[in-house]
Amino acid sequence: MSESANLLKLFRVDQQIRGLRSRLTSAERFLAEQQKLMAALETKLATSTQQHKIAKAAAAGAEGEAARIEARMNHLREQMNLAKTNKEYSAFLTEVNSLKALKDEQDKLQLEQLDRVDQFAKQMSELDAQVKERQGVASKAKAERDGKEAEIKDRLGELSKERGVVRDGVDAAHAKRLEDLMERLGEDAMAMVEEIDRRNHEWSCGACRMAVPAQVLSIITRGSLVNCPSCGAFLFTETDVASKKLPKDLDAPKPAKAPKAAKAPKAKRGETLEA
Ligand SMILES: [Zn+2]
């Protein structure tokens, strides 16, 4: 079997593996999204809880301060009743009045903080409900992902074994190059040469439509590896493209089963012909 046919076999196995994994990948992506949303909600909840605590402490502080001022005012009022002169009385009165203004401030502050306490408490209960709801979605997503993983496990194991065998028959450098191309081009890492117009000797790369000259096609049909000069995909020809459809004036291998090309000169292992 030609290097090109071997590489194509590896590509087909990899495609199957990718197809299987993609089912798991989408379930994994969904789970990750849910976990991310949940983490964001938990962060918000933690912030609200913290703010709630601060507002509560501020309210208590204002309440304590108001009580302290109140006590001082009561003490002054008692002293006012015992004042001996008008001057003394009005001095106490002035102080009581200024303390009253301070106490009003603290009362107001306490009310404001109590409002905040209510707001944050409401926010916390809403966020708590959202976290619980999201937890439900996330745990379903996890079950889904685990199920998918279990579902493909056996088949993936078989394919991995098969891949190992196929890969052993392929030149290591070519296999590595195919892996890189699959990362970059996915399904287009290997492209079939497509016939555009047989009479006018027009063929093109099945991935990017770049023209493939007849001479290059002839090299490919002998099983040598050629990369598309435009998109970089490994080019291959299906047996029928190579045998039935190949015009006679091209230096095509005679037997009909072309990519096997037993009689055609083979490219040496590890050799890649650039078009
Ligand atoms: Zn191309």
# chains A, B, ... in the order shown; residues from 1 in each chain; ligands from 1
>>> closest_atom_pairs(of="chain A", to="ligand 1", cutoff="10 Å", atoms="only C-alpha atoms and all ligand atoms", output="CSV")
residue,atom,partner,partner_atom_place_in_ligand_line,distance
A:Asp188,CA,ligand 1,1 (Zn),8.4
A:Ala189,CA,ligand 1,1 (Zn),9.2
A:Met190,CA,ligand 1,1 (Zn),9.0
A:Ala191,CA,ligand 1,1 (Zn),7.1
A:Met192,CA,ligand 1,1 (Zn),9.3
A:Val193,CA,ligand 1,1 (Zn),9.0
A:Ser204,CA,ligand 1,1 (Zn),7.8
A:Cys205,CA,ligand 1,1 (Zn),4.6
A:Gly206,CA,ligand 1,1 (Zn),6.7
A:Ala207,CA,ligand 1,1 (Zn),5.0
A:Cys208,CA,ligand 1,1 (Zn),4.1
A:Arg209,CA,ligand 1,1 (Zn),6.0
A:Met210,CA,ligand 1,1 (Zn),5.5
A:Ala211,CA,ligand 1,1 (Zn),8.3
A:Val212,CA,ligand 1,1 (Zn),8.8
A:Asn227,CA,ligand 1,1 (Zn),7.8
A:Cys228,CA,ligand 1,1 (Zn),4.6
A:Pro229,CA,ligand 1,1 (Zn),6.6
A:Ser230,CA,ligand 1,1 (Zn),5.0
A:Cys231,CA,ligand 1,1 (Zn),4.1
A:Gly232,CA,ligand 1,1 (Zn),6.0
A:Ala233,CA,ligand 1,1 (Zn),5.7
A:Phe234,CA,ligand 1,1 (Zn),8.3
A:Leu235,CA,ligand 1,1 (Zn),7.9
>>> residues_around(residues="Leu76 in chain A", least_positions_apart="4", cutoff="9 Å", atoms="only C-alpha atoms", output="JSON, numbers by chain")
{"A": [71, 72, 80, 81, 92, 93, 95, 96]}
>>> residues_around(residues="range 132-135 of chain A", least_positions_apart="3", cutoff="12 Å", atoms="only C-alpha atoms", output="VMD selection string")
chain A and resid 31 33 to 42 45 125 to 129 138 to 142
>>> write_last_selection(atoms="C-alpha atoms", output="PDB file, in the first residue's frame")
ATOM      1  CA  LEU A  31     -20.649  21.703  31.736  1.00  0.00           C
ATOM      2  CA  GLU A  33     -20.169  27.038  30.986  1.00  0.00           C
ATOM      3  CA  GLN A  34     -22.546  26.017  33.762  1.00  0.00           C
ATOM      4  CA  GLN A  35     -19.726  25.794  36.276  1.00  0.00           C
ATOM      5  CA  LYS A  36     -18.482  29.205  35.223  1.00  0.00           C
ATOM      6  CA  LEU A  37     -21.951  30.738  35.622  1.00  0.00           C
ATOM      7  CA  MET A  38     -22.290  29.084  39.009  1.00  0.00           C
ATOM      8  CA  ALA A  39     -18.906  30.387  40.154  1.00  0.00           C
ATOM      9  CA  ALA A  40     -19.928  33.915  39.074  1.00  0.00           C
ATOM     10  CA  LEU A  41     -23.185  33.636  41.042  1.00  0.00           C
ATOM     11  CA  GLU A  42     -21.331  32.343  44.089  1.00  0.00           C
ATOM     12  CA  LEU A  45     -23.505  35.904  46.690  1.00  0.00           C
ATOM     13  CA  SER A 125     -32.001  35.194  48.929  1.00  0.00           C
ATOM     14  CA  GLU A 126     -32.415  35.817  45.177  1.00  0.00           C
ATOM     15  CA  LEU A 127     -28.812  34.837  44.496  1.00  0.00           C
ATOM     16  CA  ASP A 128     -29.122  31.829  46.736  1.00  0.00           C
ATOM     17  CA  ALA A 129     -32.092  30.633  44.685  1.00  0.00           C
ATOM     18  CA  ALA A 138     -24.660  21.884  36.361  1.00  0.00           C
ATOM     19  CA  SER A 139     -25.180  18.518  38.020  1.00  0.00           C
ATOM     20  CA  LYS A 140     -27.371  17.426  35.079  1.00  0.00           C
ATOM     21  CA  ALA A 141     -24.656  18.646  32.716  1.00  0.00           C
ATOM     22  CA  LYS A 142     -22.084  16.626  34.633  1.00  0.00           C
TER      23      LYS A 142
END
>>> closest_residue(among="A:Gln15, A:Thr221, A:Thr237, A:Ser4", to="Glu194 in chain A", atoms="only C-alpha atoms")
A:Thr237
>>> select_by_dssp(residues="range 149-225 of chain A", states="strand (DSSP E or B)", output="list in words")
Met190, Ala191, Met192, Val193, Glu194, Glu195, Ile196, Asp197, Glu202, Trp203, Ser204, Cys205, Ala211, Val212 and Leu225 of chain A
>>> select_by_dssp(residues="range 61-275 of chain A", states="helix (DSSP H, G or I)", output="JSON, numbers by chain")
{"A": [61, 62, 63, 64, 65, 66, 67, 68, 69, 70, 71, 72, 73, 74, 75, 76, 77, 78, 79, 80, 81, 86, 87, 88, 89, 90, 91, 92, 93, 94, 95, 96, 97, 98, 99, 100, 101, 102, 103, 104, 105, 106, 107, 108, 109, 110, 111, 112, 113, 114, 115, 116, 117, 118, 119, 120, 121, 122, 123, 124, 125, 126, 127, 128, 129, 130, 131, 132, 133, 134, 135, 136, 137, 138, 139, 140, 141, 142, 143, 144, 145, 146, 147, 148, 149, 150, 151, 152, 153, 154, 155, 156, 157, 158, 159, 160, 161, 162, 163, 164, 165, 166, 167, 168, 172, 173, 174, 175, 176, 177, 178, 179, 180, 181, 182, 183, 184, 185, 186, 187, 188, 214, 215, 216, 217, 218, 219, 220, 221, 239, 240, 241, 242, 258, 259, 260]}
>>> write_last_selection(atoms="C-alpha atoms", output="CSV table (one decimal), in the first residue's frame")
chain,number,residue,atom,x,y,z
A,61,GLY,CA,-22.7,51.0,65.4
A,62,ALA,CA,-25.0,54.0,64.7
A,63,GLU,CA,-27.6,52.5,67.2
A,64,GLY,CA,-24.9,52.3,69.9
A,65,GLU,CA,-23.7,55.8,69.2
A,66,ALA,CA,-27.2,57.2,69.3
A,67,ALA,CA,-27.8,55.5,72.7
A,68,ARG,CA,-24.6,56.9,74.0
A,69,ILE,CA,-25.6,60.4,73.0
A,70,GLU,CA,-29.1,59.9,74.4
A,71,ALA,CA,-27.6,58.9,77.7
A,72,ARG,CA,-25.4,62.0,77.7
A,73,MET,CA,-28.4,64.2,76.9
A,74,ASN,CA,-30.4,62.7,79.7
A,75,HIS,CA,-27.6,63.4,82.1
A,76,LEU,CA,-27.5,67.0,80.9
A,77,ARG,CA,-31.2,67.4,81.2
A,78,GLU,CA,-30.9,66.3,84.9
A,79,GLN,CA,-28.2,68.9,85.4
A,80,MET,CA,-30.4,71.5,83.7
A,81,ASN,CA,-33.0,71.0,86.3
A,86,ASN,CA,-29.8,81.3,83.7
A,87,LYS,CA,-26.4,81.3,82.2
A,88,GLU,CA,-25.7,77.8,83.4
A,89,TYR,CA,-29.1,76.6,82.2
A,90,SER,CA,-28.6,78.0,78.7
A,91,ALA,CA,-25.1,76.5,78.5
A,92,PHE,CA,-26.6,73.0,79.2
A,93,LEU,CA,-29.4,73.8,76.7
A,94,THR,CA,-27.0,74.6,74.0
A,95,GLU,CA,-25.1,71.4,74.6
A,96,VAL,CA,-28.3,69.3,74.6
A,97,ASN,CA,-29.4,70.9,71.3
A,98,SER,CA,-26.1,70.2,69.6
A,99,LEU,CA,-26.2,66.6,71.0
A,100,LYS,CA,-29.7,66.3,69.6
A,101,ALA,CA,-28.5,67.2,66.1
A,102,LEU,CA,-25.7,64.5,66.5
A,103,LYS,CA,-28.2,61.9,67.7
A,104,ASP,CA,-30.5,62.7,64.7
A,105,GLU,CA,-27.6,62.1,62.4
A,106,GLN,CA,-26.9,58.7,64.0
A,107,ASP,CA,-30.6,57.8,63.9
A,108,LYS,CA,-30.7,58.6,60.2
A,109,LEU,CA,-27.5,56.7,59.6
A,110,GLN,CA,-29.0,53.7,61.4
A,111,LEU,CA,-32.1,53.8,59.2
A,112,GLU,CA,-30.1,54.0,56.1
A,113,GLN,CA,-28.0,51.1,57.1
A,114,LEU,CA,-31.1,49.1,58.0
A,115,ASP,CA,-32.4,49.8,54.5
A,116,ARG,CA,-29.2,48.4,53.1
A,117,VAL,CA,-29.4,45.4,55.4
A,118,ASP,CA,-32.9,44.7,53.9
A,119,GLN,CA,-31.7,45.2,50.3
A,120,PHE,CA,-28.7,42.9,50.7
A,121,ALA,CA,-30.8,40.3,52.5
A,122,LYS,CA,-33.2,40.3,49.5
A,123,GLN,CA,-30.3,40.1,47.1
A,124,MET,CA,-28.8,37.2,49.0
A,125,SER,CA,-32.0,35.2,48.9
A,126,GLU,CA,-32.4,35.8,45.2
A,127,LEU,CA,-28.8,34.8,44.5
A,128,ASP,CA,-29.1,31.8,46.7
A,129,ALA,CA,-32.1,30.6,44.7
A,130,GLN,CA,-30.2,31.3,41.5
A,131,VAL,CA,-27.1,29.3,42.7
A,132,LYS,CA,-29.4,26.4,43.7
A,133,GLU,CA,-31.1,26.4,40.3
A,134,ARG,CA,-27.7,26.6,38.5
A,135,GLN,CA,-26.4,23.8,40.7
A,136,GLY,CA,-29.2,21.6,39.4
A,137,VAL,CA,-28.4,22.5,35.7
A,138,ALA,CA,-24.7,21.9,36.4
A,139,SER,CA,-25.2,18.5,38.0
A,140,LYS,CA,-27.4,17.4,35.1
A,141,ALA,CA,-24.7,18.6,32.7
A,142,LYS,CA,-22.1,16.6,34.6
A,143,ALA,CA,-24.2,13.5,34.5
A,144,GLU,CA,-24.6,14.1,30.7
A,145,ARG,CA,-20.9,14.5,30.2
A,146,ASP,CA,-20.1,11.4,32.3
A,147,GLY,CA,-22.8,9.4,30.3
A,148,LYS,CA,-21.3,10.5,27.0
A,149,GLU,CA,-17.8,9.6,28.2
A,150,ALA,CA,-19.0,6.1,29.2
A,151,GLU,CA,-20.9,5.8,25.9
A,152,ILE,CA,-17.9,6.4,23.7
A,153,LYS,CA,-15.3,4.7,26.0
A,154,ASP,CA,-15.3,1.3,24.4
A,155,ARG,CA,-15.5,2.4,20.8
A,156,LEU,CA,-12.7,5.0,21.5
A,157,GLY,CA,-10.6,2.2,23.0
A,158,GLU,CA,-11.0,0.1,19.8
A,159,LEU,CA,-10.3,3.1,17.6
A,160,SER,CA,-7.2,4.0,19.6
A,161,LYS,CA,-5.9,0.5,19.2
A,162,GLU,CA,-6.7,0.5,15.5
A,163,ARG,CA,-5.0,3.9,15.2
A,164,GLY,CA,-1.8,2.5,16.8
A,165,VAL,CA,-1.6,-0.2,14.2
A,166,VAL,CA,-2.3,2.1,11.3
A,167,ARG,CA,0.2,4.7,12.6
A,168,ASP,CA,2.9,2.0,12.8
A,172,ALA,CA,6.4,9.1,11.7
A,173,ALA,CA,7.1,12.5,10.2
A,174,HIS,CA,4.1,12.3,7.9
A,175,ALA,CA,1.9,11.2,10.8
A,176,LYS,CA,3.1,14.2,12.9
A,177,ARG,CA,2.4,16.5,10.0
A,178,LEU,CA,-1.0,15.1,9.6
A,179,GLU,CA,-1.7,15.7,13.3
A,180,ASP,CA,-0.6,19.3,12.9
A,181,LEU,CA,-2.7,19.7,9.8
A,182,MET,CA,-5.8,18.3,11.6
A,183,GLU,CA,-5.3,20.8,14.4
A,184,ARG,CA,-5.2,23.6,11.9
A,185,LEU,CA,-7.6,22.4,9.1
A,186,GLY,CA,-9.7,19.7,10.8
A,187,GLU,CA,-11.6,17.7,8.2
A,188,ASP,CA,-9.7,19.4,5.4
A,214,ALA,CA,-1.8,17.2,-14.3
A,215,GLN,CA,1.9,16.5,-13.5
A,216,VAL,CA,1.2,16.8,-9.8
A,217,LEU,CA,-1.9,14.5,-10.2
A,218,SER,CA,0.4,12.0,-11.8
A,219,ILE,CA,2.7,12.1,-8.9
A,220,ILE,CA,-0.1,11.7,-6.4
A,221,THR,CA,-1.6,8.7,-8.3
A,239,THR,CA,-9.2,4.9,-6.8
A,240,ASP,CA,-11.6,5.9,-9.5
A,241,VAL,CA,-10.1,9.4,-9.8
A,242,ALA,CA,-6.8,7.7,-10.2
A,258,ALA,CA,-4.3,3.1,-8.7
A,259,PRO,CA,-3.3,4.4,-5.3
A,260,LYS,CA,-1.9,0.9,-4.6
>>> closest_residue(among="A:Ala59, A:Ser26, A:Leu7, A:Ser48", to="Val226 in chain A", atoms="only C-alpha atoms")
A:Leu7
>>> atom_distance(atom1="CA of Phe11 in chain A", atom2="CA of Val170 in chain A")
10.8 Å
>>> decode(residues="range 37-157 of chain A", atoms="C-alpha atoms", output="compact mmCIF listing (two decimals), in the first residue's frame")
# COMPACT_ATOMS: atom_id res chain seq x y z
CA LEU A 37 -21.95 30.74 35.62
CA MET A 38 -22.29 29.08 39.01
CA ALA A 39 -18.91 30.39 40.15
CA ALA A 40 -19.93 33.91 39.07
CA LEU A 41 -23.18 33.64 41.04
CA GLU A 42 -21.33 32.34 44.09
CA THR A 43 -18.94 35.28 43.89
CA LYS A 44 -21.90 37.69 43.75
CA LEU A 45 -23.51 35.90 46.69
CA ALA A 46 -20.29 36.15 48.71
CA THR A 47 -20.07 39.89 47.93
CA SER A 48 -23.69 40.45 48.96
CA THR A 49 -23.16 38.47 52.17
CA GLN A 50 -20.12 40.56 52.98
CA GLN A 51 -21.98 43.84 52.28
CA HIS A 52 -24.91 42.64 54.35
CA LYS A 53 -22.57 41.99 57.27
CA ILE A 54 -20.95 45.43 56.92
CA ALA A 55 -24.30 47.25 56.74
CA LYS A 56 -25.54 45.32 59.77
CA ALA A 57 -22.43 46.28 61.74
CA ALA A 58 -22.78 49.93 60.64
CA ALA A 59 -26.44 49.97 61.73
CA ALA A 60 -25.50 48.51 65.12
CA GLY A 61 -22.68 51.05 65.43
CA ALA A 62 -25.04 53.95 64.72
CA GLU A 63 -27.58 52.54 67.19
CA GLY A 64 -24.91 52.29 69.90
CA GLU A 65 -23.68 55.80 69.21
CA ALA A 66 -27.25 57.20 69.31
CA ALA A 67 -27.81 55.45 72.67
CA ARG A 68 -24.57 56.87 74.02
CA ILE A 69 -25.60 60.42 72.95
CA GLU A 70 -29.07 59.87 74.39
CA ALA A 71 -27.58 58.91 77.75
CA ARG A 72 -25.41 62.01 77.73
CA MET A 73 -28.43 64.18 76.87
CA ASN A 74 -30.44 62.66 79.75
CA HIS A 75 -27.61 63.37 82.09
CA LEU A 76 -27.47 67.01 80.87
CA ARG A 77 -31.23 67.39 81.25
CA GLU A 78 -30.94 66.32 84.89
CA GLN A 79 -28.21 68.89 85.36
CA MET A 80 -30.37 71.54 83.65
CA ASN A 81 -33.05 70.96 86.28
CA LEU A 82 -30.50 71.65 88.94
CA ALA A 83 -29.03 74.73 87.23
CA LYS A 84 -28.65 77.68 89.54
CA THR A 85 -28.32 80.47 87.03
CA ASN A 86 -29.81 81.29 83.66
CA LYS A 87 -26.35 81.29 82.16
CA GLU A 88 -25.71 77.76 83.44
CA TYR A 89 -29.11 76.63 82.18
CA SER A 90 -28.63 78.02 78.70
CA ALA A 91 -25.13 76.49 78.48
CA PHE A 92 -26.65 73.05 79.20
CA LEU A 93 -29.43 73.76 76.72
CA THR A 94 -26.96 74.62 73.96
CA GLU A 95 -25.09 71.41 74.58
CA VAL A 96 -28.30 69.35 74.63
CA ASN A 97 -29.37 70.88 71.34
CA SER A 98 -26.08 70.20 69.61
CA LEU A 99 -26.17 66.62 70.96
CA LYS A 100 -29.69 66.27 69.63
CA ALA A 101 -28.48 67.15 66.14
CA LEU A 102 -25.74 64.53 66.48
CA LYS A 103 -28.23 61.94 67.68
CA ASP A 104 -30.55 62.70 64.75
CA GLU A 105 -27.62 62.07 62.44
CA GLN A 106 -26.95 58.70 64.03
CA ASP A 107 -30.63 57.77 63.88
CA LYS A 108 -30.71 58.65 60.22
CA LEU A 109 -27.55 56.67 59.60
CA GLN A 110 -28.99 53.68 61.39
CA LEU A 111 -32.14 53.77 59.24
CA GLU A 112 -30.09 54.05 56.07
CA GLN A 113 -27.98 51.08 57.08
CA LEU A 114 -31.06 49.05 58.04
CA ASP A 115 -32.42 49.76 54.55
CA ARG A 116 -29.21 48.42 53.10
CA VAL A 117 -29.41 45.38 55.35
CA ASP A 118 -32.87 44.66 53.90
CA GLN A 119 -31.69 45.19 50.33
CA PHE A 120 -28.72 42.89 50.71
CA ALA A 121 -30.81 40.26 52.47
CA LYS A 122 -33.22 40.31 49.52
CA GLN A 123 -30.34 40.12 47.06
CA MET A 124 -28.83 37.22 48.99
CA SER A 125 -32.00 35.19 48.93
CA GLU A 126 -32.42 35.82 45.18
CA LEU A 127 -28.81 34.84 44.50
CA ASP A 128 -29.12 31.83 46.74
CA ALA A 129 -32.09 30.63 44.69
CA GLN A 130 -30.17 31.25 41.45
CA VAL A 131 -27.15 29.32 42.74
CA LYS A 132 -29.38 26.38 43.67
CA GLU A 133 -31.05 26.44 40.27
CA ARG A 134 -27.68 26.59 38.50
CA GLN A 135 -26.38 23.77 40.67
CA GLY A 136 -29.23 21.64 39.37
CA VAL A 137 -28.36 22.46 35.73
CA ALA A 138 -24.66 21.88 36.36
CA SER A 139 -25.18 18.52 38.02
CA LYS A 140 -27.37 17.43 35.08
CA ALA A 141 -24.66 18.65 32.72
CA LYS A 142 -22.08 16.63 34.63
CA ALA A 143 -24.21 13.49 34.45
CA GLU A 144 -24.64 14.10 30.72
CA ARG A 145 -20.90 14.48 30.22
CA ASP A 146 -20.13 11.36 32.28
CA GLY A 147 -22.76 9.44 30.32
CA LYS A 148 -21.26 10.53 27.01
CA GLU A 149 -17.82 9.56 28.22
CA ALA A 150 -19.01 6.09 29.20
CA GLU A 151 -20.89 5.77 25.92
CA ILE A 152 -17.85 6.36 23.72
CA LYS A 153 -15.28 4.72 25.98
CA ASP A 154 -15.32 1.27 24.40
CA ARG A 155 -15.46 2.45 20.81
CA LEU A 156 -12.75 4.99 21.52
CA GLY A 157 -10.58 2.24 22.98
